[in-house]
Amino acid sequence: MKHEWKTYLESIGIQKPFLERAEEVIDFYQQIYQDQIEDIFVTEHFDKDGNRQYESLWLFSKTSMMEAKRFLTVDDFDCSPLENQVRYWCIKKEEYNFLEASNKSHMTLEFGLFTEVGGIIKASRENCNHLKALFLKHFIPNEKKCPAPSQQMDSGDG
């Protein structure tokens, strides 16, 4: 596992044995997409008792995104093309100014792709900054550029 990924996982509170499990998931995807994975992200939130709940582990390459759903307990892996596929995105945020996160910050990214795949990626506290960076690096550049509507010429032939 890349040092930067381990540092990221530890920054959001993931420690052994969860760190080892994350490494297993990353290794699975790296066997398929050798040296192509650029970024990782953990979808998480805090429950009503104040405990951080980790959901999915997302991995991103230049052209694809991968999700390991409920990665701490289940082997449920998928992948979707991302390159030029983003057709919709929606960001919802609380106590986050898109510059600096606080202990009260929350951010949710909902997205839809032309492949008819969609998802919801959640972040809290310092993880909001990671989600923002991921959004700007992997989602915005992959918005599908729609051609301008063609102008209908009225020939006047009624």
# chains A, B, ... in the order shown; residues from 1 in each chain; ligands from 1
call {"tool": "closest_atom_pairs", "arguments": {"of": "region 35-64 of chain A", "to": "region 81-85 of chain A", "cutoff": "12 Å", "atoms": "only C-alpha atoms", "output": "JSON lines"}}
result
{"residue": "A:Leu59", "atom": "CA", "partner": "A:Leu82", "partner_atom": "CA", "distance": 11.4}
{"residue": "A:Phe60", "atom": "CA", "partner": "A:Leu82", "partner_atom": "CA", "distance": 8.8}
{"residue": "A:Ser61", "atom": "CA", "partner": "A:Leu82", "partner_atom": "CA", "distance": 8.7}
{"residue": "A:Lys62", "atom": "CA", "partner": "A:Glu83", "partner_atom": "CA", "distance": 7.2}
{"residue": "A:Thr63", "atom": "CA", "partner": "A:Glu83", "partner_atom": "CA", "distance": 4.7}
{"residue": "A:Ser64", "atom": "CA", "partner": "A:Pro81", "partner_atom": "CA", "distance": 4.3}
call {"tool": "write_last_selection", "arguments": {"atoms": "N, CA and C atoms", "output": "PDB file, in the first residue's frame"}}
result
ATOM      1  N   LEU A  59     -11.792   3.441  -5.040  1.00  0.00           N
ATOM      2  CA  LEU A  59     -10.482   3.578  -5.655  1.00  0.00           C
ATOM      3  C   LEU A  59     -10.681   4.218  -7.021  1.00  0.00           C
ATOM      4  N   PHE A  60      -9.740   5.050  -7.412  1.00  0.00           N
ATOM      5  CA  PHE A  60      -9.863   5.797  -8.666  1.00  0.00           C
ATOM      6  C   PHE A  60      -8.593   5.688  -9.489  1.00  0.00           C
ATOM      7  N   SER A  61      -8.787   5.444 -10.789  1.00  0.00           N
ATOM      8  CA  SER A  61      -7.700   5.531 -11.763  1.00  0.00           C
ATOM      9  C   SER A  61      -8.029   6.700 -12.680  1.00  0.00           C
ATOM     10  N   LYS A  62      -7.237   6.901 -13.697  1.00  0.00           N
ATOM     11  CA  LYS A  62      -7.523   7.987 -14.644  1.00  0.00           C
ATOM     12  C   LYS A  62      -8.837   7.746 -15.388  1.00  0.00           C
ATOM     13  N   THR A  63      -9.202   6.482 -15.588  1.00  0.00           N
ATOM     14  CA  THR A  63     -10.346   6.172 -16.438  1.00  0.00           C
ATOM     15  C   THR A  63     -11.498   5.451 -15.737  1.00  0.00           C
ATOM     16  N   SER A  64     -11.280   4.968 -14.526  1.00  0.00           N
ATOM     17  CA  SER A  64     -12.290   4.141 -13.861  1.00  0.00           C
ATOM     18  C   SER A  64     -12.417   4.478 -12.380  1.00  0.00           C
TER      19      SER A  64
END
call {"tool": "select_by_dssp", "arguments": {"residues": "chain A", "states": "helix (DSSP H, G or I)", "output": "ChimeraX atom specification"}}
result
/A:3-11,18-32,127-142
call {"tool": "closest_residue", "arguments": {"among": "A:Asp27, A:Asp76, A:Glu4, A:Glu116", "to": "Phe41 (chain A)", "atoms": "only C-alpha atoms"}}
result
A:Glu4
call {"tool": "select_by_dssp", "arguments": {"residues": "region 13-157 of chain A", "states": "strand (DSSP E)", "output": "PyMOL selection string"}}
result
chain A and resi 39-46+52-60+64-68+77-81+86-94+106-113+118-124
call {"tool": "residues_around", "arguments": {"residues": "Tyr8 (chain A)", "least_positions_apart": "3", "cutoff": "12 Å", "atoms": "only C-alpha atoms", "output": "compact mmCIF listing (two decimals) with N, CA and C atoms, in the first residue's frame"}}
result
# COMPACT_ATOMS: atom_id res chain seq x y z
N MET A 1 0.85 -1.18 0.00
CA MET A 1 0.00 0.00 0.00
C MET A 1 0.90 1.24 0.00
N LYS A 2 0.50 2.21 -0.81
CA LYS A 2 1.27 3.46 -0.85
C LYS A 2 1.25 4.13 0.52
N HIS A 3 2.35 4.77 0.86
CA HIS A 3 2.46 5.45 2.14
C HIS A 3 1.37 6.52 2.29
N GLU A 4 1.10 7.25 1.23
CA GLU A 4 0.09 8.32 1.29
C GLU A 4 -1.30 7.76 1.58
N TRP A 5 -1.59 6.55 1.08
CA TRP A 5 -2.89 5.93 1.35
C TRP A 5 -2.99 5.50 2.81
N SER A 11 -5.53 8.94 9.10
CA SER A 11 -6.03 10.28 9.42
C SER A 11 -7.53 10.29 9.68
N ILE A 12 -8.25 9.29 9.17
CA ILE A 12 -9.69 9.20 9.42
C ILE A 12 -9.99 8.12 10.46
N GLY A 13 -8.97 7.69 11.18
CA GLY A 13 -9.18 6.80 12.32
C GLY A 13 -9.13 5.32 12.04
N ILE A 14 -8.72 4.92 10.86
CA ILE A 14 -8.64 3.49 10.56
C ILE A 14 -7.32 2.95 11.08
N GLN A 15 -7.40 1.97 11.96
CA GLN A 15 -6.24 1.32 12.56
C GLN A 15 -6.36 -0.19 12.36
N LEU A 19 -7.08 -1.53 9.02
CA LEU A 19 -6.05 -1.08 8.08
C LEU A 19 -5.58 -2.25 7.22
N ALA A 22 -8.30 -3.01 4.66
CA ALA A 22 -8.24 -2.06 3.55
C ALA A 22 -7.12 -2.42 2.59
N ASP A 39 -5.93 7.11 -6.48
CA ASP A 39 -6.48 7.66 -5.25
C ASP A 39 -7.43 6.65 -4.61
N ILE A 40 -7.56 6.78 -3.29
CA ILE A 40 -8.55 6.00 -2.56
C ILE A 40 -9.37 6.95 -1.69
N PHE A 41 -10.56 6.46 -1.30
CA PHE A 41 -11.42 7.25 -0.43
C PHE A 41 -12.33 6.31 0.34
N VAL A 42 -12.55 6.61 1.61
CA VAL A 42 -13.45 5.83 2.44
C VAL A 42 -14.70 6.65 2.72
N GLU A 126 -12.44 15.96 8.85
CA GLU A 126 -11.30 16.18 7.96
C GLU A 126 -11.43 15.44 6.63
N ASN A 127 -12.28 14.42 6.58
CA ASN A 127 -12.46 13.67 5.34
C ASN A 127 -13.17 14.49 4.27
N ASN A 129 -12.29 17.39 3.25
CA ASN A 129 -11.23 17.93 2.38
C ASN A 129 -10.77 16.90 1.36
N HIS A 130 -10.73 15.64 1.78
CA HIS A 130 -10.34 14.57 0.84
C HIS A 130 -11.41 14.39 -0.23
N LEU A 131 -12.68 14.44 0.18
CA LEU A 131 -13.77 14.29 -0.80
C LEU A 131 -13.78 15.45 -1.79
call {"tool": "closest_atom_pairs", "arguments": {"of": "region 16-84 of chain A", "to": "region 90-106 of chain A", "cutoff": "10 Å", "atoms": "only C-alpha atoms", "output": "tab-separated table"}}
result
residue	atom	partner	partner_atom	distance
A:Glu44	CA	A:His106	CA	9.9
A:His45	CA	A:His106	CA	8.1
A:Phe46	CA	A:His106	CA	9.6
call {"tool": "write_last_selection", "arguments": {"atoms": "C-alpha atoms", "output": "PDB file, in the first residue's frame"}}
result
ATOM      1  CA  GLU A  44     -17.926   7.278   6.323  1.00  0.00           C
ATOM      2  CA  HIS A  45     -20.181   9.068   8.793  1.00  0.00           C
ATOM      3  CA  PHE A  46     -20.692   9.365  12.530  1.00  0.00           C
TER       4      PHE A  46
END
call {"tool": "residues_around", "arguments": {"residues": "region 77-80 of chain A", "least_positions_apart": "4", "cutoff": "6 Å", "atoms": "only C-alpha atoms", "output": "PyMOL selection string"}}
result
chain A and resi 64-68
call {"tool": "atom_distance", "arguments": {"atom1": "CA of Tyr29 (chain A)", "atom2": "CA of Trp58 (chain A)"}}
result
10.4 Å
call {"tool": "decode", "arguments": {"residues": "region 48-69 of chain A", "atoms": "N, CA and C atoms", "output": "PDB file, in the first residue's frame"}}
result
ATOM      1  N   LYS A  48     -25.272   8.158  15.756  1.00  0.00           N
ATOM      2  CA  LYS A  48     -25.863   8.998  16.809  1.00  0.00           C
ATOM      3  C   LYS A  48     -25.092   8.935  18.119  1.00  0.00           C
ATOM      4  N   ASP A  49     -24.290   7.871  18.301  1.00  0.00           N
ATOM      5  CA  ASP A  49     -23.489   7.740  19.518  1.00  0.00           C
ATOM      6  C   ASP A  49     -22.098   8.346  19.365  1.00  0.00           C
ATOM      7  N   GLY A  50     -21.830   8.938  18.202  1.00  0.00           N
ATOM      8  CA  GLY A  50     -20.540   9.579  17.980  1.00  0.00           C
ATOM      9  C   GLY A  50     -19.445   8.658  17.506  1.00  0.00           C
ATOM     10  N   ASN A  51     -19.808   7.451  17.058  1.00  0.00           N
ATOM     11  CA  ASN A  51     -18.822   6.499  16.536  1.00  0.00           C
ATOM     12  C   ASN A  51     -18.750   6.611  15.021  1.00  0.00           C
ATOM     13  N   ARG A  52     -17.538   6.627  14.507  1.00  0.00           N
ATOM     14  CA  ARG A  52     -17.359   6.718  13.055  1.00  0.00           C
ATOM     15  C   ARG A  52     -17.685   5.372  12.427  1.00  0.00           C
ATOM     16  N   GLN A  53     -18.542   5.408  11.418  1.00  0.00           N
ATOM     17  CA  GLN A  53     -18.954   4.210  10.700  1.00  0.00           C
ATOM     18  C   GLN A  53     -18.367   4.250   9.295  1.00  0.00           C
ATOM     19  N   TYR A  54     -17.558   3.256   8.973  1.00  0.00           N
ATOM     20  CA  TYR A  54     -16.924   3.165   7.657  1.00  0.00           C
ATOM     21  C   TYR A  54     -17.800   2.308   6.756  1.00  0.00           C
ATOM     22  N   GLU A  55     -18.020   2.782   5.532  1.00  0.00           N
ATOM     23  CA  GLU A  55     -18.921   2.087   4.619  1.00  0.00           C
ATOM     24  C   GLU A  55     -18.160   1.468   3.449  1.00  0.00           C
ATOM     25  N   SER A  56     -17.926   2.248   2.402  1.00  0.00           N
ATOM     26  CA  SER A  56     -17.280   1.734   1.187  1.00  0.00           C
ATOM     27  C   SER A  56     -15.876   2.286   1.040  1.00  0.00           C
ATOM     28  N   LEU A  57     -15.037   1.499   0.410  1.00  0.00           N
ATOM     29  CA  LEU A  57     -13.707   1.947   0.006  1.00  0.00           C
ATOM     30  C   LEU A  57     -13.746   2.147  -1.498  1.00  0.00           C
ATOM     31  N   TRP A  58     -13.498   3.380  -1.926  1.00  0.00           N
ATOM     32  CA  TRP A  58     -13.489   3.735  -3.337  1.00  0.00           C
ATOM     33  C   TRP A  58     -12.053   3.868  -3.811  1.00  0.00           C
ATOM     34  N   LEU A  59     -11.792   3.441  -5.040  1.00  0.00           N
ATOM     35  CA  LEU A  59     -10.482   3.578  -5.655  1.00  0.00           C
ATOM     36  C   LEU A  59     -10.681   4.218  -7.021  1.00  0.00           C
ATOM     37  N   PHE A  60      -9.740   5.050  -7.412  1.00  0.00           N
ATOM     38  CA  PHE A  60      -9.863   5.797  -8.666  1.00  0.00           C
ATOM     39  C   PHE A  60      -8.593   5.688  -9.489  1.00  0.00           C
ATOM     40  N   SER A  61      -8.787   5.444 -10.789  1.00  0.00           N
ATOM     41  CA  SER A  61      -7.700   5.531 -11.763  1.00  0.00           C
ATOM     42  C   SER A  61      -8.029   6.700 -12.680  1.00  0.00           C
ATOM     43  N   LYS A  62      -7.237   6.901 -13.697  1.00  0.00           N
ATOM     44  CA  LYS A  62      -7.523   7.987 -14.644  1.00  0.00           C
ATOM     45  C   LYS A  62      -8.837   7.746 -15.388  1.00  0.00           C
ATOM     46  N   THR A  63      -9.202   6.482 -15.588  1.00  0.00           N
ATOM     47  CA  THR A  63     -10.346   6.172 -16.438  1.00  0.00           C
ATOM     48  C   THR A  63     -11.498   5.451 -15.737  1.00  0.00           C
ATOM     49  N   SER A  64     -11.280   4.968 -14.526  1.00  0.00           N
ATOM     50  CA  SER A  64     -12.290   4.141 -13.861  1.00  0.00           C
ATOM     51  C   SER A  64     -12.417   4.478 -12.380  1.00  0.00           C
ATOM     52  N   MET A  65     -13.536   4.039 -11.820  1.00  0.00           N
ATOM     53  CA  MET A  65     -13.695   4.093 -10.369  1.00  0.00           C
ATOM     54  C   MET A  65     -14.183   2.730  -9.900  1.00  0.00           C
ATOM     55  N   MET A  66     -13.712   2.351  -8.731  1.00  0.00           N
ATOM     56  CA  MET A  66     -14.000   1.054  -8.169  1.00  0.00           C
ATOM     57  C   MET A  66     -14.579   1.241  -6.770  1.00  0.00           C
ATOM     58  N   GLU A  67     -15.512   0.371  -6.392  1.00  0.00           N
ATOM     59  CA  GLU A  67     -16.073   0.447  -5.054  1.00  0.00           C
ATOM     60  C   GLU A  67     -16.083  -0.920  -4.410  1.00  0.00           C
ATOM     61  N   ALA A  68     -15.584  -0.977  -3.188  1.00  0.00           N
ATOM     62  CA  ALA A  68     -15.689  -2.170  -2.348  1.00  0.00           C
ATOM     63  C   ALA A  68     -16.718  -1.838  -1.277  1.00  0.00           C
ATOM     64  N   LYS A  69     -17.925  -2.342  -1.480  1.00  0.00           N
ATOM     65  CA  LYS A  69     -19.031  -2.028  -0.568  1.00  0.00           C
ATOM     66  C   LYS A  69     -18.848  -2.771   0.752  1.00  0.00           C
TER      67      LYS A  69
END
